[in-house]
Amino acid sequence: MTYQRTPTQDTLRYQWNVNVIGKPALRLNRWLAQLRQPKPSPYLAPPLNITPRTKELIARHYLEGRYANLHRKVAWVTSGAPAEILKALNFYVLYPENHAALCGAARTVVDIATEAENAGYSRDLCSYARTDIGALLSGKTPVGKLPKPDLLMACTNICQTVLFWYQAVAHHFRIPLILIDTPFVYTTASDQAINYVWRQLDAAVPIAERVAGDFLSSRKLEQVTRLSKLAAELWMQIIERGKHRPAPISVFDQFIHMAPIVEMRGEAYTVDFYAALLKEVEQRIAKGISAVKQERKRLLWDNLPIWYRLRFIAEKLGAHGVALVVSTYTNAWAELAPMFDPKNPMASGARTYLHAILNRGTGYKLAMMQKMIADYQLDGAILHSDRSCKPYSIGQMDQRDRLLRESGVPALLLEADHGDPRAFAEEQVANRLEAFVEMLGE
Amino acid sequence: METPVIPHRLEIIHAHKAHGGWVAAVLPIHYPRALFRAFDILPVEVWGPPRIDPTLGSAHLQPYVCSIVRNALAYLLDGRLNVADFIVVPHTCDSLQGFASILIDFVKPTQPVLPIYLPRGKRLSDLIFLTDEFKALYRTLAELTHREPSPADLMAAIEREEQADDLLAQLHHGRRNLALSQTDLYRLIRSREYLPAETFVEIAGAVVQSARSLPPPNDIPIMLSGIVPEPLTLFDALTQLNAYVAADDFAACGRRLYERGSRADPFERMAERILLAPPDSTRGSSMQDRLDHLTTLAQTTGARGIVFYDVKFCEPELFYLPVLREGLQRANLPSVVIEFDLNDGLTQQTQTRLEAFIEMIGGTQ
């Protein structure tokens with residue numbers, strides 16, 4: 001006879017591990033981290049004071065995930081998906097892309113992605129996908145354990161890759177996949193495209209309800225959407241503080257502190273977190289603290305971060321007084337905030353999700369970079385040509401030429417991969433950065 | 001039967017233009033042929049083309065973009081698509097999406113660029129959207145050509161395409177009884193990429209009519225899957241290796257065996273035909289649907305192994321391979337993956353791998 005746990009026992013186990021043991025331990029960890037003095041850099045400002053809190057939030061999110069299957073339904077979603085619907089249905093929402101980014105920062109991608117490659121997934125595929133497929137095939141993850149999904153939601157507004165990737169995951173777990181297909185916006189979004197996305201959002205609800213075993217409350221959806229919008233607006237304000245000279249916060253800081261806006265949207269604690277971050281950034285401005293100690297030149301970063309070499313690139317540029325102050329990537333979670341209407345989440349959602357930067361034409365991205373160059377008083381741009389992200393990277397060669405020709409700023413195309421260090425040639429990158437900085441002049 | 005005489009692509013293009021028609025250069029894969037024909041626009045597909053100098057394309061595209069897209073851009077920039085009046089880019093993958101976007105925003109060719117978004121499902125919402133997308137395309141073409149084909153014109157064009165597609169299916173399914181070499185068969189199948197439906201019907205009809213019951217070949221039956229069979233000498237090489245292509249799952253060929261539509265509205269009918277086509281990675285078909293399709297196809301045609309013959313960097317295809325290969329293996333269908341670049345030709349390495357695979361499945365009979 002096999003022993004089976006009751007739902008009550010599962011809930012008790014969840015409460016014990018997450019709320020009684022886990023969260024207080026993480027809080028203690030944060031306090032201890034706040035007492036520790038970070039290793040000072042000769043070129044960069046100390047990390048933001050909020051950093052231990054960011055780490056606590058992320059750790060707490062994955063702690064809840066580790067035990068989530070005991071307690072509630074779990075959905076895996078893409079970073080541009082309308083997760084508000086799932087949040088309002090009380091799903092635990094996991095973002096595999098974020099998990100893969102975390103693996104990148106923890107430098108575990110090669111070990112984990114190799115598991116997927118051994119199973120036949122080509123190294124030419126996105127390293128995020130390989131990392132997450134490797135994690136689900138092997139159980140390897142730096143966060144302890146990932147919860148098994150009950151539902152998948154993939155939105156093609158960031159790439160078509162997610163569709164194939166989620167098809168593989170759906171096949172592996174034999175679970176439903178909700179697809180929100182967002183026609184690419186070459187110039188302007190057509191009415192048929194908006195209506196199409198809206199219809200799909202409507203059709204997603206009964207599927208999600210069936211898995212959740214509950215009905216979607218319009219009041220809850222409105223509340224979650226409002227919290228999402230508030231957090232995104234705060235994130236936008238934080239990014240915009242980079243207009244100040246010298247910039248109080250760098251793109252590297254944004255990469256580190258963007259996790260909650262991606263994977264914890266729709267939560268009150270996320271709003272509180274970004275309000276606190278904004279306050280700290282404003283305090284930095286008041287005290288004259290800059291992200292790069294001797295800011296001399298200001299640059300834009302295009303595309304995903306190179307997660308496993310953030311510090312290396314920050315130090316390399318910082319040594320020359322070069323600050324990366326704004327990024328098209330981190331801005332992606334801010335720029336859509338004004339389009340959300342909590343009172344009308346489905347209709348506004350359809351329009352909003354269509355207009356993600358990766359779902360828009362190469363000309364739009366160029367125009368956005370040109371505006372950033374003017375608004376943030378930039379001296380140049382680094383375009384990360386990311387092997388793992390074709391939709392973000394295609395067009396960069398023309399964009400680079402036009403930035404020089406039309407905006408008069410030089411731009412560097414830097415070949416790498418956001419997750420896989422095997423596609424990163426450190427010496428070559430260092431040389432190219434040095435040459436580019438030299439070209440920027442005094 | 002003698003090798004059918006298939007008019008050359010340029011010959012067809014010039015003949016069509018000579019009588020006042022237009023030509024559209026169409027990138028892969030799915031698009032409403034009938035809609036273009038109703039406007040007297042001849043769609044001529046551009047699958048690369050292979051074996052050209054891709055340098056001009058490389059000035060705009062990173063090295064990790066596939067050779068179909070790179071070559072197409074190089075071909076266009078070299079002025080080789082000047083004969084076309086329109087450039088049509090179905091949204092097949094991220095790379096073709098980027099290609100269309102670069103054309104619209106930066107390259108700005110003299111011809112209008114017409115992107116078509118293809119939904120990634122076959123739900124009712126997908127049918128409604130694709131129908132609307134074709135209606136929008138109709139309006140654009142009407143504006144550009146100052147013509148307005150009636151619903152009856154559209155239905156007549158659809159009927160011609162359906163008739164051609166019926167014959168295309170007969171070529172695929174009845175290939176064992178056709179007195180054609182494998183290379184000639186595929187040359188004929190691929191002529192559908194540029195021949196007007198009525199010309200294709202004439203040529204393919206004669207070939208199908210001459211079919212007779214032939215004794216089963218002694219060659220080893222295999223199946224091919226991928227995006228496009230290039231170069232066509234691939235089939236000569238297979239013949240020399242005593243392998244016989246019993247069926248294919250190429251996006252350019254077997255995945256475009258569109259069945260006749262059932263709907264009375266011409267736009268819905270064109271959309272329906274594409275959505276109900278055989279499973280295809282680029283249309284987001286589920287892994288299980290593709291696996292079931294390949295397994296059934298192999299079982300009904302007697303194929304003893306499958307060659308996944310894929311263009312390097314083709315993300316939609318690469319994602320499916322592990323699941324498909326594992327499922328096929330469970331059904332006792334061994335497979336091999338061969339990647340190629342359109343500019344490479346049929347390399348010795350490819351031939352050696354094919355030989356090894358065919359020997360292996362031949363030995364396990």
# chains A, B, ... in the order shown; residues from 1 in each chain; ligands from 1
>>> residues_around(residues="A:Lys140", least_positions_apart="2", cutoff="12 Å", atoms="only C-alpha atoms", output="JSON, numbers by chain")
{"A": [99, 100, 103, 108, 109, 110, 111, 112, 113, 114, 115, 116, 131, 132, 133, 134, 135, 136, 137, 138, 142, 143, 144, 145, 146]}
>>> write_last_selection(atoms="N, CA and C atoms", output="tab-separated table (two decimals), in the first residue's frame")
chain	number	residue	atom	x	y	z
A	99	HIS	N	14.32	32.23	-15.53
A	99	HIS	CA	15.10	31.15	-14.92
A	99	HIS	C	16.39	30.94	-15.71
A	100	ALA	N	16.28	30.96	-17.03
A	100	ALA	CA	17.47	30.76	-17.86
A	100	ALA	C	18.46	31.92	-17.69
A	103	CYS	N	20.25	31.30	-14.62
A	103	CYS	CA	21.28	30.28	-14.86
A	103	CYS	C	22.49	30.92	-15.54
A	108	THR	N	25.72	28.56	-15.02
A	108	THR	CA	25.44	27.12	-15.04
A	108	THR	C	24.87	26.70	-16.39
A	109	VAL	N	24.84	27.62	-17.36
A	109	VAL	CA	24.19	27.33	-18.63
A	109	VAL	C	24.84	26.17	-19.37
A	110	VAL	N	26.16	26.16	-19.42
A	110	VAL	CA	26.82	25.11	-20.22
A	110	VAL	C	26.44	23.74	-19.67
A	111	ASP	N	26.52	23.59	-18.37
A	111	ASP	CA	26.19	22.30	-17.75
A	111	ASP	C	24.73	21.90	-18.05
A	112	ILE	N	23.82	22.84	-17.91
A	112	ILE	CA	22.40	22.50	-18.06
A	112	ILE	C	22.02	22.37	-19.54
A	113	ALA	N	22.48	23.32	-20.36
A	113	ALA	CA	22.12	23.27	-21.79
A	113	ALA	C	22.67	22.02	-22.46
A	114	THR	N	23.80	21.54	-21.96
A	114	THR	CA	24.38	20.32	-22.54
A	114	THR	C	23.41	19.14	-22.43
A	115	GLU	N	22.61	19.16	-21.37
A	115	GLU	CA	21.62	18.08	-21.21
A	115	GLU	C	20.62	18.11	-22.38
A	116	ALA	N	20.23	19.31	-22.79
A	116	ALA	CA	19.31	19.43	-23.93
A	116	ALA	C	20.03	19.06	-25.22
A	131	THR	N	18.58	25.89	-22.17
A	131	THR	CA	18.79	25.83	-20.72
A	131	THR	C	17.55	25.28	-20.02
A	132	ASP	N	16.40	25.80	-20.41
A	132	ASP	CA	15.19	25.35	-19.71
A	132	ASP	C	14.80	23.92	-20.09
A	133	ILE	N	15.00	23.57	-21.33
A	133	ILE	CA	14.71	22.19	-21.72
A	133	ILE	C	15.70	21.26	-21.01
A	134	GLY	N	16.96	21.69	-20.94
A	134	GLY	CA	17.96	20.91	-20.20
A	134	GLY	C	17.59	20.76	-18.74
A	135	ALA	N	17.05	21.84	-18.16
A	135	ALA	CA	16.65	21.79	-16.75
A	135	ALA	C	15.49	20.83	-16.54
A	136	LEU	N	14.53	20.85	-17.45
A	136	LEU	CA	13.39	19.95	-17.24
A	136	LEU	C	13.75	18.50	-17.53
A	137	LEU	N	14.74	18.28	-18.41
A	137	LEU	CA	15.14	16.90	-18.69
A	137	LEU	C	16.01	16.32	-17.57
A	138	SER	N	16.80	17.21	-16.94
A	138	SER	CA	17.78	16.70	-15.97
A	138	SER	C	17.44	17.04	-14.53
A	142	PRO	N	19.99	26.03	-10.58
A	142	PRO	CA	20.59	26.65	-9.40
A	142	PRO	C	19.56	27.07	-8.35
A	143	VAL	N	18.26	26.95	-8.66
A	143	VAL	CA	17.25	27.40	-7.69
A	143	VAL	C	16.67	26.24	-6.87
A	144	GLY	N	17.26	25.11	-6.96
A	144	GLY	CA	16.79	23.97	-6.15
A	144	GLY	C	15.92	23.05	-6.95
A	145	LYS	N	14.73	23.55	-7.29
A	145	LYS	CA	13.79	22.72	-8.04
A	145	LYS	C	12.75	23.61	-8.71
A	146	LEU	N	12.41	23.29	-9.94
A	146	LEU	CA	11.36	24.05	-10.61
A	146	LEU	C	10.04	23.30	-10.48
>>> residues_around(residues="stretch 34-50 of chain B", least_positions_apart="4", cutoff="6 Å", atoms="only C-alpha atoms", output="PDB file with C-alpha atoms, in the first residue's frame")
ATOM      1  CA  GLY B  21       0.370  40.619 -66.371  1.00  0.00           C
ATOM      2  CA  TRP B  22       2.389  41.346 -63.239  1.00  0.00           C
ATOM      3  CA  VAL B  23       4.861  39.181 -61.397  1.00  0.00           C
ATOM      4  CA  ALA B  24       5.271  38.796 -57.646  1.00  0.00           C
ATOM      5  CA  ALA B  25       8.457  37.409 -56.148  1.00  0.00           C
ATOM      6  CA  VAL B  26       7.188  35.315 -53.254  1.00  0.00           C
ATOM      7  CA  LEU B  27       9.307  34.167 -50.345  1.00  0.00           C
ATOM      8  CA  ILE B  68      17.508  31.005 -47.816  1.00  0.00           C
ATOM      9  CA  ASN B  71      20.551  34.517 -50.575  1.00  0.00           C
ATOM     10  CA  ALA B  72      17.152  36.064 -51.204  1.00  0.00           C
ATOM     11  CA  LEU B 154     -11.697  34.684 -57.160  1.00  0.00           C
ATOM     12  CA  ALA B 157      -8.859  31.276 -59.698  1.00  0.00           C
ATOM     13  CA  ILE B 158      -9.280  29.072 -56.631  1.00  0.00           C
ATOM     14  CA  GLU B 193       6.647  27.265 -57.603  1.00  0.00           C
ATOM     15  CA  TYR B 194       6.393  29.394 -60.752  1.00  0.00           C
ATOM     16  CA  LEU B 342      22.145  26.504 -49.961  1.00  0.00           C
ATOM     17  CA  ASN B 343      25.477  27.601 -51.371  1.00  0.00           C
TER      18      ASN B 343
END
>>> interface_residues(of="chain B", to="chain A", cutoff="6 Å", atoms="only C-alpha atoms", output="list of chain:residue names")
B:His60, B:Asp94, B:Gly98, B:Ser101, B:Asp105, B:Phe129, B:Pro322
>>> select_by_dssp(residues="stretch 174-344 of chain A", states="strand (DSSP E or B)", output="MDAnalysis selection string")
chainID A and resid 177:180 185 292 297:302 322:327
>>> residues_around(residues="stretch 285-299 of chain B", least_positions_apart="3", cutoff="9 Å", atoms="only C-alpha atoms", output="PDB file with C-alpha atoms, in the first residue's frame")
ATOM      1  CA  PHE A 164       8.426  25.832 -30.717  1.00  0.00           C
ATOM      2  CA  GLN A 167       5.453  22.979 -28.021  1.00  0.00           C
ATOM      3  CA  ALA A 168       8.378  20.848 -26.833  1.00  0.00           C
ATOM      4  CA  ALA A 170       3.803  20.783 -23.787  1.00  0.00           C
ATOM      5  CA  HIS A 171       4.741  17.510 -25.449  1.00  0.00           C
TER       6      HIS A 171
ATOM      7  CA  ARG B 120       0.282  29.696 -35.742  1.00  0.00           C
ATOM      8  CA  GLY B 121      -2.785  27.632 -35.078  1.00  0.00           C
ATOM      9  CA  LYS B 122      -5.902  26.266 -36.702  1.00  0.00           C
ATOM     10  CA  ILE B 222      13.072   6.364 -47.603  1.00  0.00           C
ATOM     11  CA  MET B 223      11.358   9.568 -46.669  1.00  0.00           C
ATOM     12  CA  SER B 225      11.836  15.926 -44.459  1.00  0.00           C
ATOM     13  CA  ALA B 246       8.716   7.115 -51.161  1.00  0.00           C
ATOM     14  CA  ALA B 247       7.336  10.315 -49.652  1.00  0.00           C
ATOM     15  CA  ASP B 248       8.478  13.710 -48.572  1.00  0.00           C
ATOM     16  CA  ASP B 249       7.732  16.202 -45.860  1.00  0.00           C
ATOM     17  CA  PRO B 278      -0.262  18.924 -43.621  1.00  0.00           C
ATOM     18  CA  PRO B 279       1.449  19.699 -40.311  1.00  0.00           C
ATOM     19  CA  ASP B 280       4.286  22.177 -40.598  1.00  0.00           C
ATOM     20  CA  SER B 281       6.758  23.514 -38.064  1.00  0.00           C
ATOM     21  CA  THR B 282       6.480  27.024 -39.425  1.00  0.00           C
ATOM     22  CA  GLY B 302       6.722   1.748 -46.870  1.00  0.00           C
ATOM     23  CA  ALA B 303       9.542   4.190 -46.104  1.00  0.00           C
ATOM     24  CA  ARG B 304      12.098   2.462 -43.911  1.00  0.00           C
ATOM     25  CA  GLY B 305      13.919   5.513 -42.642  1.00  0.00           C
ATOM     26  CA  ILE B 306      13.753   9.275 -42.626  1.00  0.00           C
ATOM     27  CA  TYR B 320      11.055  19.480 -33.540  1.00  0.00           C
ATOM     28  CA  VAL B 323      10.798  14.664 -30.320  1.00  0.00           C
ATOM     29  CA  LEU B 324      10.248  13.506 -33.904  1.00  0.00           C
ATOM     30  CA  ARG B 325      13.349  11.338 -33.993  1.00  0.00           C
ATOM     31  CA  GLY B 327       8.958   9.013 -31.672  1.00  0.00           C
ATOM     32  CA  LEU B 328       9.957   7.669 -35.066  1.00  0.00           C
ATOM     33  CA  ALA B 331       7.933   3.162 -34.429  1.00  0.00           C
ATOM     34  CA  LEU B 333      11.781   4.234 -38.161  1.00  0.00           C
TER      35      LEU B 333
END
>>> select_by_dssp(residues="stretch 118-331 of chain A", states="helix (DSSP H, G or I)", output="JSON, numbers by chain")
{"A": [118, 127, 128, 129, 130, 131, 132, 133, 134, 135, 136, 137, 138, 161, 162, 163, 164, 165, 166, 167, 168, 169, 170, 171, 172, 173, 191, 192, 193, 194, 195, 196, 197, 198, 199, 200, 201, 202, 203, 204, 205, 206, 207, 208, 209, 210, 211, 212, 218, 219, 220, 221, 222, 223, 224, 225, 226, 227, 228, 229, 230, 231, 232, 233, 234, 235, 236, 237, 238, 239, 240, 241, 242, 243, 251, 252, 253, 254, 255, 256, 257, 259, 260, 261, 262, 263, 268, 269, 270, 271, 272, 273, 274, 275, 276, 277, 278, 279, 280, 281, 282, 283, 284, 285, 286, 287, 307, 308, 309, 310, 311, 312, 313, 314, 315, 316, 317, 318, 328, 329, 330, 331]}
>>> closest_residue(among="B:Leu214, B:Leu61, B:Val228, B:Cys93", to="B:Asp341", atoms="only C-alpha atoms")
B:Val228
>>> closest_residue(among="B:Gln97, B:Thr199, B:Ser213, B:Gln163", to="B:Leu257", atoms="only C-alpha atoms")
B:Gln163
>>> residues_around(residues="B:Asp78", least_positions_apart="5", cutoff="12 Å", atoms="only C-alpha atoms", output="list in words")
Ile52, Asp53, Pro54, Thr55, Leu56, Gly57, Asn71, Ala72, Leu73, Val83 and Pro109 of chain B
>>> closest_residue(among="A:Ser327, A:Arg60, A:Pro46, A:Val224", to="A:Ile289", atoms="only C-alpha atoms")
A:Pro46
>>> residues_around(residues="B:Ile29", least_positions_apart="6", cutoff="7 Å", atoms="only C-alpha atoms", output="PyMOL selection string")
chain B and resi 90+92+251-252
>>> closest_residue(among="B:Glu355, B:Asp310, B:Asp265, B:Glu272", to="B:Asp153", atoms="only C-alpha atoms")
B:Asp265
>>> residues_around(residues="B:Leu234", least_positions_apart="5", cutoff="12 Å", atoms="only C-alpha atoms", output="list in words")
Gln182, Thr183, Asp184, Tyr186, Arg187, Leu224, Val228, Pro229, Thr239, Gln240, Leu241, Ala243, Tyr244, Val245, Val307, Tyr309, Phe340, Gly345, Leu346, Thr347, Gln348, Thr350, Gln351, Leu354 and Glu355 of chain B
>>> write_last_selection(atoms="C-alpha atoms", output="compact mmCIF listing (two decimals), in the first residue's frame")
# COMPACT_ATOMS: atom_id res chain seq x y z
CA GLN B 182 13.33 10.99 -59.11
CA THR B 183 15.09 14.15 -60.24
CA ASP B 184 12.56 14.73 -63.02
CA TYR B 186 10.98 16.72 -58.23
CA ARG B 187 11.75 19.13 -61.04
CA LEU B 224 12.82 13.08 -46.74
CA VAL B 228 13.58 22.52 -49.47
CA PRO B 229 15.35 19.78 -51.46
CA THR B 239 19.20 6.90 -56.98
CA GLN B 240 22.85 5.92 -57.21
CA LEU B 241 22.69 4.74 -53.63
CA ALA B 243 17.40 4.69 -52.40
CA TYR B 244 13.94 5.63 -53.45
CA VAL B 245 12.07 8.64 -52.02
CA VAL B 307 16.35 11.80 -43.63
CA TYR B 309 17.54 17.34 -44.61
CA PHE B 340 23.27 22.00 -45.41
CA GLY B 345 25.87 22.09 -53.28
CA LEU B 346 25.75 18.40 -52.48
CA THR B 347 28.89 17.93 -50.43
CA GLN B 348 30.90 14.74 -50.21
CA THR B 350 26.44 14.73 -47.15
CA GLN B 351 26.77 11.92 -49.68
CA LEU B 354 23.42 9.42 -46.84
CA GLU B 355 25.31 6.33 -47.97
>>> residues_around(residues="A:Gly104", least_positions_apart="4", cutoff="6 Å", atoms="only C-alpha atoms", output="PDB file with C-alpha atoms, in the first residue's frame")
ATOM      1  CA  VAL A 109      24.185  27.329 -18.631  1.00  0.00           C
ATOM      2  CA  TRP A 307      24.321  37.557 -18.365  1.00  0.00           C
ATOM      3  CA  TYR A 308      27.519  35.700 -17.586  1.00  0.00           C
ATOM      4  CA  GLY A 419      23.230  32.820 -22.094  1.00  0.00           C
TER       5      GLY A 419
END
>>> closest_residue(among="A:Ala105, A:Ile256, A:Val211, A:Ile373", to="A:Ile178", atoms="only C-alpha atoms")
A:Val211
>>> closest_residue(among="B:Ser67, B:Leu168, B:Ile102, B:Arg263", to="B:Cys314", atoms="only C-alpha atoms")
B:Ser67
>>> atom_distance(atom1="atom CA of B:Phe106", atom2="atom CA of B:Gly79")
16.1 Å
